[in-house]
Amino acid sequence: MYNESTERALLGSLMIKPENLDLAQKWIEHPNVFYYDFHRHIWETILSLNERGEHIDMVTVTHNYPQKKSIDKNIAYEITSMGTSEATPSRAGYYAKLLHGYWLRRELGDYSKKLSGLTEDNSNDITDLLNDSHTLIGNLIKLQPSKEFNMEELLEETRESIFNRKTNIKTGIQKFDTVISGMTRGEITIIAGRPANGKTTVAANIARNLVMNGYRVAMFNREMPNTEMMKKFIAMEGDTISYRNLRHGIPASKTKVHEAMDFIHKNYTDKLFMFDDIRTLSDTFHEIKNVNPDVVIDDHIGLIEYSSNDRRDLRHKIGETTKQYKWLAKAEDMCVMLISQLNRNIEYRVDAVPRLSDLAESGNLEQDAEIVAFTHYPYISRYGEEDSDGRIWTENELQLVVSKNRYGTTGSVEVGYSGDSCKLFDDLQSATSHEIDKKQLELEELG
């Protein structure tokens, strides 16, 4: 298998921009990668000029080309045409990779013929045949470039991680960050909870905190439209704005809504990117690569669509999703936060505090995640019950339960919560004070 135009494009690119030679050499490790002798000799001429420290261009390559090897060709014309018609210098690495693939296919064909000859020769001992086959296949595998490892670069990245903490991103929820020490780039954080237990509101608060700290955030809102998520942000930024009223189209003050929207436009633009119509994982990854975010929030992964031909059960599908997200997080140097539902087992237990076994399709999510945290709203799940201090749970407190933390501790923290303002606070007292002030302002606005 071969492609003449690709060979010409690569050689032309290198004569236009010879600094790309190192990139090409990662793939062109042998002259036989070029199928045509003429192109092979041009490649060898370019390498020779480079070794001697001489300039590489169409003139020097033409002058140094061993003409005796190609008497019937108009050397100058052919070489010049390569650099003027088909070459795009910025794609030199891509051309080289394509040619390497063509070469491997040719080599595979040759090795297949050799293997076929060995098997048809009945005089070959079966052990010798297996050893020869293993040697031939091993030689073919070695033709594929190996991944380079650079100790110096790794040590520098580690130094940056230790002293500058560029790999850690705080959620902005102080008590939560105290336990988890922030999210790690290249890792997955799971936030899970039963319906109406605040998991989406927690995710929205984290997104808001990240944006206000200068991070780029991509949110995939699979459970609600972008407009509904934006209403949560408007309620967060407005002192007296009721999310419940926004949902029903009856804001108390249009002025306050417009002020909140202006604030969002000023501070969220080019930092927060929301998508509510991305159904598949491949389309999701495409948008992530376009945005290049620091953090991705996917709410929630149980709604990702898969091919109709995919007959695997949901457990295996989610397992594949988390693994793909894990590799993407590492490749793009970002944090991934996946929002998930809990299974219904928790509803049949006396103890309503979530645990790892309550995760929907728990095995895969737990295995691939750095952090697994649950939202628990005792006001709903334990309504009327007393806490350990004999106090009745109120609607203004929410528990964040960290059940897995690969690099730190686990535990539960209580934060202040205002569902109608879509806000989290440091403690119950702050949330209660906010509710009192909010009602007072509402009364003043109503006159």
# chains A, B, ... in the order shown; residues from 1 in each chain; ligands from 1
>>> select_by_dssp(residues="region 207-325 of chain A", states="strand (DSSP E or B)", output="list in words")
Val217, Ala218, Met219, Phe220, Asn221, Leu272, Phe273, Met274, Phe275, Thr280, Val295, Val296, Ile297, Asp298, Asp299 and Glu305 of chain A
>>> write_last_selection(atoms="N, CA and C atoms", output="short mmCIF file (atom, residue, chain, number, x, y, z; two decimals), in the first residue's frame")
data_model
loop_
_atom_site.label_atom_id
_atom_site.label_comp_id
_atom_site.auth_asym_id
_atom_site.auth_seq_id
_atom_site.Cartn_x
_atom_site.Cartn_y
_atom_site.Cartn_z
N VAL A 217 -14.94 26.60 32.30
CA VAL A 217 -15.79 25.47 32.69
C VAL A 217 -16.73 25.12 31.54
N ALA A 218 -16.80 23.84 31.23
CA ALA A 218 -17.77 23.35 30.24
C ALA A 218 -18.81 22.52 30.98
N MET A 219 -20.07 22.92 30.86
CA MET A 219 -21.17 22.21 31.52
C MET A 219 -22.06 21.55 30.47
N PHE A 220 -22.32 20.26 30.67
CA PHE A 220 -23.23 19.54 29.80
C PHE A 220 -24.49 19.24 30.60
N ASN A 221 -25.55 20.00 30.29
CA ASN A 221 -26.81 19.92 31.04
C ASN A 221 -27.75 18.95 30.33
N LEU A 272 -17.62 30.33 31.05
CA LEU A 272 -18.61 29.27 31.22
C LEU A 272 -19.23 28.94 29.87
N PHE A 273 -19.23 27.65 29.53
CA PHE A 273 -19.78 27.18 28.26
C PHE A 273 -20.77 26.06 28.58
N MET A 274 -22.03 26.25 28.18
CA MET A 274 -23.07 25.29 28.53
C MET A 274 -23.68 24.68 27.27
N PHE A 275 -23.94 23.37 27.34
CA PHE A 275 -24.52 22.63 26.23
C PHE A 275 -25.66 21.77 26.77
N THR A 280 -24.38 12.31 22.50
CA THR A 280 -23.44 11.19 22.50
C THR A 280 -22.11 11.58 23.15
N VAL A 295 -12.19 22.60 33.73
CA VAL A 295 -13.08 21.66 34.41
C VAL A 295 -14.28 21.37 33.50
N VAL A 296 -14.65 20.09 33.45
CA VAL A 296 -15.88 19.67 32.76
C VAL A 296 -16.87 19.17 33.81
N ILE A 297 -18.12 19.62 33.70
CA ILE A 297 -19.19 19.13 34.57
C ILE A 297 -20.25 18.50 33.68
N ASP A 298 -20.48 17.21 33.86
CA ASP A 298 -21.45 16.47 33.03
C ASP A 298 -22.60 16.02 33.92
N ASP A 299 -23.79 16.59 33.69
CA ASP A 299 -24.96 16.36 34.54
C ASP A 299 -26.15 15.87 33.69
N GLU A 305 -26.44 9.12 25.38
CA GLU A 305 -27.01 8.16 24.44
C GLU A 305 -25.91 7.32 23.79
#
>>> residues_around(residues="Asn292 (chain A)", least_positions_apart="2", cutoff="8 Å", atoms="only C-alpha atoms", output="number ranges by chain")
A: 216, 288-290, 294, 332
>>> closest_residue(among="A:Ala9, A:Met15, A:Leu424, A:Ile191", to="Ala96 (chain A)", atoms="only C-alpha atoms")
A:Ala9
>>> closest_residue(among="A:Pro18, A:Gly182, A:Gly101, A:Gly93", to="Phe34 (chain A)", atoms="only C-alpha atoms")
A:Gly101
>>> residues_around(residues="Arg208 (chain A)", least_positions_apart="5", cutoff="9 Å", atoms="only C-alpha atoms", output="list in words")
Gly172, Ala203, Asn213, Phe233, Met236, Tyr268 and Leu272 of chain A
>>> write_last_selection(atoms="C-alpha atoms", output="compact mmCIF listing (two decimals), in the first residue's frame")
# COMPACT_ATOMS: atom_id res chain seq x y z
CA GLY A 172 -14.70 27.00 46.30
CA ALA A 203 -22.52 21.42 40.73
CA ASN A 213 -11.64 32.32 40.07
CA PHE A 233 -27.13 31.27 38.21
CA MET A 236 -27.34 32.87 42.91
CA TYR A 268 -19.12 34.47 32.98
CA LEU A 272 -18.61 29.27 31.22
>>> residues_around(residues="Thr88 (chain A)", least_positions_apart="2", cutoff="9 Å", atoms="only C-alpha atoms", output="PyMOL selection string")
chain A and resi 9-10+12-13+16+83+86+90-92
>>> closest_atom_pairs(of="region 227-328 of chain A", to="region 367-372 of chain A", cutoff="8 Å", atoms="only C-alpha atoms", output="tab-separated table")
residue	atom	partner	partner_atom	distance
A:Thr322	CA	A:Asp368	CA	6.5
A:Lys323	CA	A:Asp368	CA	6.7
A:Lys326	CA	A:Asp368	CA	7.2
>>> write_last_selection(atoms="N, CA and C atoms", output="PDB file, in the first residue's frame")
ATOM      1  N   THR A 322     -16.863   6.290  31.738  1.00  0.00           N
ATOM      2  CA  THR A 322     -15.942   6.810  32.745  1.00  0.00           C
ATOM      3  C   THR A 322     -14.489   6.572  32.347  1.00  0.00           C
ATOM      4  N   LYS A 323     -14.208   5.443  31.723  1.00  0.00           N
ATOM      5  CA  LYS A 323     -12.834   5.177  31.283  1.00  0.00           C
ATOM      6  C   LYS A 323     -12.420   6.154  30.193  1.00  0.00           C
ATOM      7  N   LYS A 326     -11.780   9.410  31.732  1.00  0.00           N
ATOM      8  CA  LYS A 326     -10.519   9.378  32.481  1.00  0.00           C
ATOM      9  C   LYS A 326      -9.335   9.676  31.557  1.00  0.00           C
TER      10      LYS A 326
END
>>> residues_around(residues="Ile180 (chain A)", least_positions_apart="6", cutoff="8 Å", atoms="only C-alpha atoms", output="PyMOL selection string")
chain A and resi 371+402+405+407-410
>>> write_last_selection(atoms="C-alpha atoms", output="PDB file, in the first residue's frame")
ATOM      1  CA  ILE A 371     -13.273  11.401  44.583  1.00  0.00           C
ATOM      2  CA  VAL A 402     -16.997  12.144  50.885  1.00  0.00           C
ATOM      3  CA  ASN A 405     -10.768  10.185  48.221  1.00  0.00           C
ATOM      4  CA  TYR A 407      -5.314  11.295  47.704  1.00  0.00           C
ATOM      5  CA  GLY A 408      -6.812  12.353  51.024  1.00  0.00           C
ATOM      6  CA  THR A 409      -9.323  11.762  53.773  1.00  0.00           C
ATOM      7  CA  THR A 410     -13.010  10.925  53.763  1.00  0.00           C
TER       8      THR A 410
END
>>> atom_distance(atom1="CA of Tyr2 (chain A)", atom2="CA of Tyr35 (chain A)")
6.3 Å
>>> atom_distance(atom1="CA of Gly302 (chain A)", atom2="CA of Asp177 (chain A)")
26.2 Å
>>> closest_residue(among="A:Ser421, A:Ser340, A:Gln25, A:Ser381", to="Leu99 (chain A)", atoms="only C-alpha atoms")
A:Gln25
>>> closest_residue(among="A:Asp283, A:Glu237, A:Glu442, A:Asp333", to="Glu187 (chain A)", atoms="only C-alpha atoms")
A:Asp333
>>> closest_residue(among="A:Val202, A:Gly193, A:Asp420, A:Tyr65", to="Ile346 (chain A)", atoms="only C-alpha atoms")
A:Gly193
>>> residues_around(residues="Tyr325 (chain A)", least_positions_apart="6", cutoff="9 Å", atoms="only C-alpha atoms", output="MDAnalysis selection string")
chainID A and resid 187:188 285 336
>>> closest_residue(among="A:Ser403, A:His248, A:Glu54, A:Leu328", to="Leu356 (chain A)", atoms="only C-alpha atoms")
A:Ser403
